[in-house]
Each structure stands twice: as structure tokens, then as C-alpha cells.
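Enquirer: Right, I'll just put the structure down here and ask away after.
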Amino acid sequence: MTIEKFAEQFRLRIARDECGDKIIRGKRGHLYFAGSELCLMVIDGTPAIRSHWESLGGKLWQGDISPNAHCRRVQDIKIESIPLQNALAAIKMVRARQKRVLSTDALEASRERMLKARESLSGTRSPAPKTLLEVQPVRK
């Protein structure tokens, strides 16, 4: 499986890291594909219980817990060859956000709001209600 197919299947966004490799970012870490194998990496993440990471399957490497520049305890995690049946758990562990899927009603309401916004920008403005000065005069 490729990262594009994986991202499409689970409604995730693909980004590029500093090396230019395609990754799926999360708040805690990121997912990537090495060949056709799903991998996970967390750099300077909060320490977690080893069994939580082991539940994903694959080859686990867990770094030592050490303080960072702000004196908070951090740890590095790397898991290679995560089975695809554990993909949802891996997505949750790195805290990646899935894209929203709108219902037909919500999509239609969004389109209507966009049309109103475009109309307001085109120069044809709807008649404004009474201004605050007309409603409440300023008393001195």
C-alpha cells in the first residue's frame, strides 16, 4: 500500500517533512511508509506506557526518558512494520486528525453561505438594517 492510498482510505492529509518525504502529521508524532510498510515516529513526545505502543504490533524502539530544554520529560518512539489492521490505533496514537465528511444538508448549507459571501464581495450589498445610532441615540 502507498501513503496516498492509505491517506485516502482513512481520510488523512499528506504533508512533507524537512527531507521532502511524504508523511501524515499528528499532534504527537507522524506516520510514514517505508516501502509498503506502515511506520510511526514520535520525537520528543510525552512518555507513554510501553504496552500501549506494543499493542500496535511491529518492531518497537523506545528511547530513554530525558528532560528537554524546558525541563519536561520527553521520549522518542519508533515503530516499524505496523500491521494495517492496527492502522486506526496508530492514527489515534499519533493524534492525526481525519478530514471531515459533510452530509448533503451540511454541504448544501455551506454552498449557500459561500454564495452569499461572494455576493457581498461583488459589490451588490443587501440593504443594511438600522444602524445602532438610529436605534439608540447617544445621550450626553
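Just remember, in the C-alpha cells the first chain shown is A, the second B, etc., residues are 1-based per chain, and ligands are 1-based in the order shown.
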Taking 5 positions as the minimum chain separation for residues in the same chain, which residues sit within 7 Å of stretch 79-87 of chain A when counting only C-alpha atoms? Answer as an MDAnalysis selection string.
Expert: chainID A and resid 37:41 56:61
Enquirer: Keeping only C-alpha atoms, take the residues you just selected and write them out as an mmCIF file, in the first residue's frame.
Expert:
```
data_model
loop_
_atom_site.group_PDB
_atom_site.id
_atom_site.type_symbol
_atom_site.label_atom_id
_atom_site.label_comp_id
_atom_site.auth_asym_id
_atom_site.auth_seq_id
_atom_site.Cartn_x
_atom_site.Cartn_y
_atom_site.Cartn_z
ATOM 1 C CA GLU A 37 5.187 -0.941 5.494
ATOM 2 C CA LEU A 38 3.410 1.479 7.820
ATOM 3 C CA CYS A 39 5.749 3.123 10.352
ATOM 4 C CA LEU A 40 5.275 5.559 13.228
ATOM 5 C CA MET A 41 7.663 8.068 14.752
ATOM 6 C CA LEU A 56 0.273 -1.604 17.634
ATOM 7 C CA GLY A 57 2.449 -4.553 16.640
ATOM 8 C CA GLY A 58 5.594 -4.167 14.604
ATOM 9 C CA LYS A 59 9.167 -3.592 15.711
ATOM 10 C CA LEU A 60 9.273 -1.098 18.615
ATOM 11 C CA TRP A 61 12.220 1.108 19.521
#
```
Enquirer: Using DSSP on the backbone, list every residue of chain A that comes out as strand (DSSP E), and give them as JSON, numbers by chain.
Expert: {"A": [15, 16, 22, 23, 24, 25, 30, 31, 32, 33, 34, 37, 38, 39, 40, 41, 42, 43, 44, 45, 59, 60, 61, 62, 66, 67, 73, 74, 75, 76, 77, 78, 79, 80, 81, 82]}
Enquirer: Could the residues in this selection be written to a file with C-alpha atoms, as a CSV table (one decimal), in the first residue's frame?
Expert:
```csv
chain,number,residue,atom,x,y,z
A,15,ALA,CA,2.4,16.6,4.2
A,16,ARG,CA,6.1,16.7,3.6
A,22,LYS,CA,5.6,12.2,2.5
A,23,ILE,CA,4.2,11.9,6.0
A,24,ILE,CA,0.9,12.0,7.8
A,25,ARG,CA,1.3,14.6,10.6
A,30,HIS,CA,3.7,11.2,12.4
A,31,LEU,CA,3.1,8.2,10.2
A,32,TYR,CA,5.0,7.3,7.1
A,33,PHE,CA,5.6,4.4,4.7
A,34,ALA,CA,9.0,2.7,4.3
A,37,GLU,CA,5.2,-0.9,5.5
A,38,LEU,CA,3.4,1.5,7.8
A,39,CYS,CA,5.7,3.1,10.4
A,40,LEU,CA,5.3,5.6,13.2
A,41,MET,CA,7.7,8.1,14.8
A,42,VAL,CA,7.3,10.3,17.8
A,43,ILE,CA,10.2,12.8,18.5
A,44,ASP,CA,10.3,14.5,21.9
A,45,GLY,CA,6.8,13.1,22.9
A,59,LYS,CA,9.2,-3.6,15.7
A,60,LEU,CA,9.3,-1.1,18.6
A,61,TRP,CA,12.2,1.1,19.5
A,62,GLN,CA,11.7,3.3,22.6
A,66,SER,CA,15.1,12.7,29.5
A,67,PRO,CA,14.4,16.3,30.1
A,73,ARG,CA,10.3,14.7,30.4
A,74,VAL,CA,10.3,13.6,26.7
A,75,GLN,CA,10.9,10.4,24.9
A,76,ASP,CA,11.4,9.2,21.3
A,77,ILE,CA,9.4,6.3,19.8
A,78,LYS,CA,9.8,4.5,16.5
A,79,ILE,CA,7.7,1.6,15.3
A,80,GLU,CA,8.3,-0.2,12.0
A,81,SER,CA,6.1,-2.7,10.1
A,82,ILE,CA,2.8,-1.9,11.8
```
Enquirer: Can you measure atom CA of A:Ile91 to atom CA of A:Gly35 for me? One decimal in Å is fine.
Expert: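 Interatomic distance here is 18.6 Å.
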Enquirer: Quote the spacing between atom CA of A:Gly26 and atom CA of A:Lys92 in Å to one decimal place.
Expert: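 About the pair atom CA of A:Gly26 and atom CA of A:Lys92: they are 8.7 Å apart.
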Enquirer: Among stretch 13-53 of chain A, which residues does DSSP mark as helix (DSSP H, G or I) when it is run on the backbone? Keep the chain and numbering as in the structure and answer as JSON, numbers by chain.
Expert: {"A": [50, 51, 52, 53]}
Enquirer: Could you check the closest approach to A:Ala48 for each of A:Leu88, A:Ile65, A:Ala106, A:Ala96 and tell me which residue wins, using only C-alpha atoms?
Expert: A:Ile65
Enquirer: Suppose you want the space between atom CA of A:Leu12 and atom CA of A:Thr104; what is it in Å?
Expert: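 Atom CA of A:Thr104 lies at a distance of 20.6 Å from atom CA of A:Leu12.
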Enquirer: Rank A:Thr46, A:Met1, A:Ser120, A:Ser55 by their smallest atom-to-atom distance to A:Lys27, using only C-alpha atoms, and report the top residue only.
Expert: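 Closest residue, counting only C-alpha atoms: A:Thr46.
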Enquirer: Which of these residues is nearest to A:Gln98, using only C-alpha atoms: A:Gln9, A:Ser110, A:Asn68, A:Ser51?
Expert: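 Smallest separation from A:Gln98 among the options: A:Gln9.
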Enquirer: Could you check the closest approach to A:Arg97 for each of A:Leu115, A:Ile14, A:Leu121, A:Ile49 and tell me which residue wins, using only C-alpha atoms?
Expert: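 Result for the nearest residue to A:Arg97: A:Ile14.
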